[in-house]
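> Structure incoming, see below.
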Amino acid sequence: MALKHEPTVPHHSVQQTLRLLEIISRRSTGVTLAELARDTGLPAERLAPMVRILRREGYIKRLADGAYIAGDALTRLSSAQGRDHALRDKLQNTLDKLRDSVGAAVYFSRYVDGEIRITQYADGPRTPKVNEWVDFRSAAHASAIGKSLLGQLDLNGRRDHLSRHKMARLTSRTITNERVLLNRLDAQPPTVPVLDLQEYAVGTVCAAVPVTAGSAVGCLALSLPIEHAYRLRQAADALNREAAPVVLSLAI
């Protein structure tokens, strides 16, 4: 299986941020913004928003003298012992914050061993998760999650998946023609959220964005009841902007 698209978060941005973390983690006494600019060759105005994200996510912390050192989140994720648990906790914390900021149930999914897996999600009384009335593993053609994950595969990977999962009609809006679906996936810009407008379930709209890190295929998604469909595009754009912390967590 090969990847078709680059990640939504620009590769160079992730690499630059990882470079910042590497420099900061090596300096136990701290490193200033001016020193980071000198060592990376990046201007202060480019570094400032990256540093804000890293501080917000707990990867670095600021000392009284203005220098930065490694934060608890970076220490936990960088440790071989307990890394999986730390990563799960970090992703869950990110999903919880995303749920509250976009006002919708949010999901993190992976494409593993040829199947779709929703590994974590965050919902609540005011942000209920979608009713999985049909197994998501069999509904890639209809769900935003499935289309986002399939969209990151090459043509052979997509055809392999569709050969193993019949494209059943779940609602009147569901695409059941393989050629039509493949054309839609091929035309989907990698930086634009994939939408599901009642294709998986009547009464629910969804959006998903890729969060590919290395060879791993994943996505962030959200769902809203149809009465909140007017918020879908705004919420999807917010989800897209907030994908960077998830990519970083997977890359560290």
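In the structure tokens, chains take letters A, B, ... by order of appearance, with residues numbered from 1 within each chain and ligands from 1 in the order shown.
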Mind checking DSSP for region 28-233 of chain A and telling me the strand (DSSP E) residues as an MDAnalysis selection string?
chainID A and resid 60:62 68:70 105:112 115:122 194:197 204:210 218:225
> Determine, counting only C-alpha atoms, which protein, DNA and RNA residues have an atom within 6 Å of an atom of Leu195 (chain A); residues of the same chain fewer than 4 positions away are not included. Present the result as an MDAnalysis selection string.
chainID A and resid 144 206:207
> Set out as a tab-separated table a contact list for region 25-49 of chain A and region 56-65 of chain A with a cut-off of 9 Å, giving each residue of region 25-49 of chain A that qualifies its closest atom pair and distance in Å to one decimal, counting only C-alpha atoms, ordered by chain and rising residue number.

```
residue	atom	partner	partner_atom	distance
A:Ser25	CA	A:Ile60	CA	8.6
A:Gly30	CA	A:Leu63	CA	7.6
A:Thr32	CA	A:Asp65	CA	8.9
```
> Leaving out Leu222 (chain A) and any residue of its chain fewer than 4 positions from it, which residues lie within 10 Å of it when counting only C-alpha atoms, given as a ChimeraX atom specification?
/A:98-99,102-108,121-123,127,129-130,144-145,195,205-209,232,235-236,239
> Just to confirm, what's the straight-line distance from CA of Asp154 (chain A) to CA of Ser138 (chain A) in Å (one decimal)?
19.0 Å
> Skipping near chain neighbours, those fewer than 3 positions away, what residues fall within 12 Å of Ile226 (chain A) using only C-alpha atoms, listed as a ChimeraX atom specification?
/A:104,130,196-199,201-206,223,229-232
> Pull N, CA, C and O atoms from the residues just selected and write them as a short mmCIF file (atom, residue, chain, number, x, y, z; two decimals), in the first residue's frame.

```
data_model
loop_
_atom_site.label_atom_id
_atom_site.label_comp_id
_atom_site.auth_asym_id
_atom_site.auth_seq_id
_atom_site.Cartn_x
_atom_site.Cartn_y
_atom_site.Cartn_z
N ALA A 104 -18.58 19.71 18.71
CA ALA A 104 -19.02 18.50 18.01
C ALA A 104 -18.27 17.30 18.55
O ALA A 104 -17.19 17.44 19.13
N VAL A 130 -21.92 9.79 16.61
CA VAL A 130 -22.83 9.24 15.61
C VAL A 130 -23.21 7.81 16.00
O VAL A 130 -22.41 7.06 16.57
N ASP A 196 -19.40 14.41 4.64
CA ASP A 196 -20.43 13.37 4.52
C ASP A 196 -21.76 14.05 4.86
O ASP A 196 -22.03 14.36 6.02
N LEU A 197 -22.56 14.31 3.83
CA LEU A 197 -23.83 14.99 4.01
C LEU A 197 -24.96 13.97 3.98
O LEU A 197 -25.59 13.75 2.95
N GLN A 198 -25.16 13.30 5.10
CA GLN A 198 -26.17 12.26 5.27
C GLN A 198 -25.97 11.10 4.31
O GLN A 198 -26.93 10.48 3.85
N GLU A 199 -24.73 10.77 4.01
CA GLU A 199 -24.43 9.62 3.16
C GLU A 199 -24.35 8.33 3.98
O GLU A 199 -24.68 7.25 3.49
N ALA A 201 -25.63 8.18 7.43
CA ALA A 201 -26.84 8.08 8.24
C ALA A 201 -27.71 9.31 8.05
O ALA A 201 -27.22 10.43 8.04
N VAL A 202 -29.00 9.08 7.89
CA VAL A 202 -29.95 10.19 7.79
C VAL A 202 -29.95 10.92 9.14
O VAL A 202 -29.97 10.31 10.20
N GLY A 203 -29.86 12.26 9.06
CA GLY A 203 -29.88 13.05 10.28
C GLY A 203 -28.51 13.40 10.83
O GLY A 203 -28.41 14.06 11.87
N THR A 204 -27.44 13.00 10.13
CA THR A 204 -26.08 13.27 10.60
C THR A 204 -25.20 13.75 9.45
O THR A 204 -25.25 13.19 8.35
N VAL A 205 -24.38 14.77 9.74
CA VAL A 205 -23.38 15.24 8.77
C VAL A 205 -22.02 15.14 9.44
O VAL A 205 -21.90 15.29 10.66
N CYS A 206 -21.00 14.89 8.64
CA CYS A 206 -19.65 14.67 9.18
C CYS A 206 -18.60 15.33 8.30
O CYS A 206 -18.86 15.66 7.14
N SER A 223 -18.70 14.90 13.88
CA SER A 223 -20.06 14.66 13.43
C SER A 223 -21.00 15.64 14.12
O SER A 223 -20.77 16.07 15.26
N ALA A 229 -26.20 21.41 10.78
CA ALA A 229 -25.44 21.30 9.54
C ALA A 229 -24.88 22.64 9.08
O ALA A 229 -23.84 22.68 8.42
N TYR A 230 -25.52 23.73 9.45
CA TYR A 230 -25.04 25.05 9.05
C TYR A 230 -23.67 25.36 9.64
O TYR A 230 -22.95 26.25 9.17
N ARG A 231 -23.26 24.61 10.68
CA ARG A 231 -21.95 24.82 11.32
C ARG A 231 -20.86 23.90 10.77
O ARG A 231 -19.71 24.00 11.17
N LEU A 232 -21.23 23.02 9.86
CA LEU A 232 -20.31 21.96 9.46
C LEU A 232 -19.02 22.49 8.85
O LEU A 232 -17.92 22.09 9.25
#
```
> Excluding Ser148 (chain A) and any residue of its chain fewer than 6 positions from it, enumerate the residues within 10 Å of it, using only C-alpha atoms, and give them as a list in words.
Ser109, Ala140, His141, Leu185, Gln188, Pro190, Pro193, Val194, Leu195, Ala207, Ala208, Val209, Pro210, Val211, Val217, Gly218, Cys219, Leu220 and Ala221 of chain A
> Just the residues within 7 Å of Thr176 (chain A), please, counting only C-alpha atoms, with nothing from its chain fewer than 3 positions along; format it as a list in words.
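Here the qualifying residues turn out to be Met167, Ala168 and Arg169 of chain A.
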> Please save N, CA and C atoms of the selected residues as a PDB file, in the first residue's frame.

```pdb
ATOM      1  N   MET A 167     -20.205  -1.890  -1.614  1.00  0.00           N
ATOM      2  CA  MET A 167     -20.670  -0.506  -1.478  1.00  0.00           C
ATOM      3  C   MET A 167     -22.196  -0.497  -1.364  1.00  0.00           C
ATOM      4  N   ALA A 168     -22.695  -0.782  -0.183  1.00  0.00           N
ATOM      5  CA  ALA A 168     -24.139  -0.853   0.039  1.00  0.00           C
ATOM      6  C   ALA A 168     -24.751   0.547   0.100  1.00  0.00           C
ATOM      7  N   ARG A 169     -25.989   0.663  -0.306  1.00  0.00           N
ATOM      8  CA  ARG A 169     -26.697   1.939  -0.225  1.00  0.00           C
ATOM      9  C   ARG A 169     -27.241   2.094   1.198  1.00  0.00           C
TER      10      ARG A 169
END
```
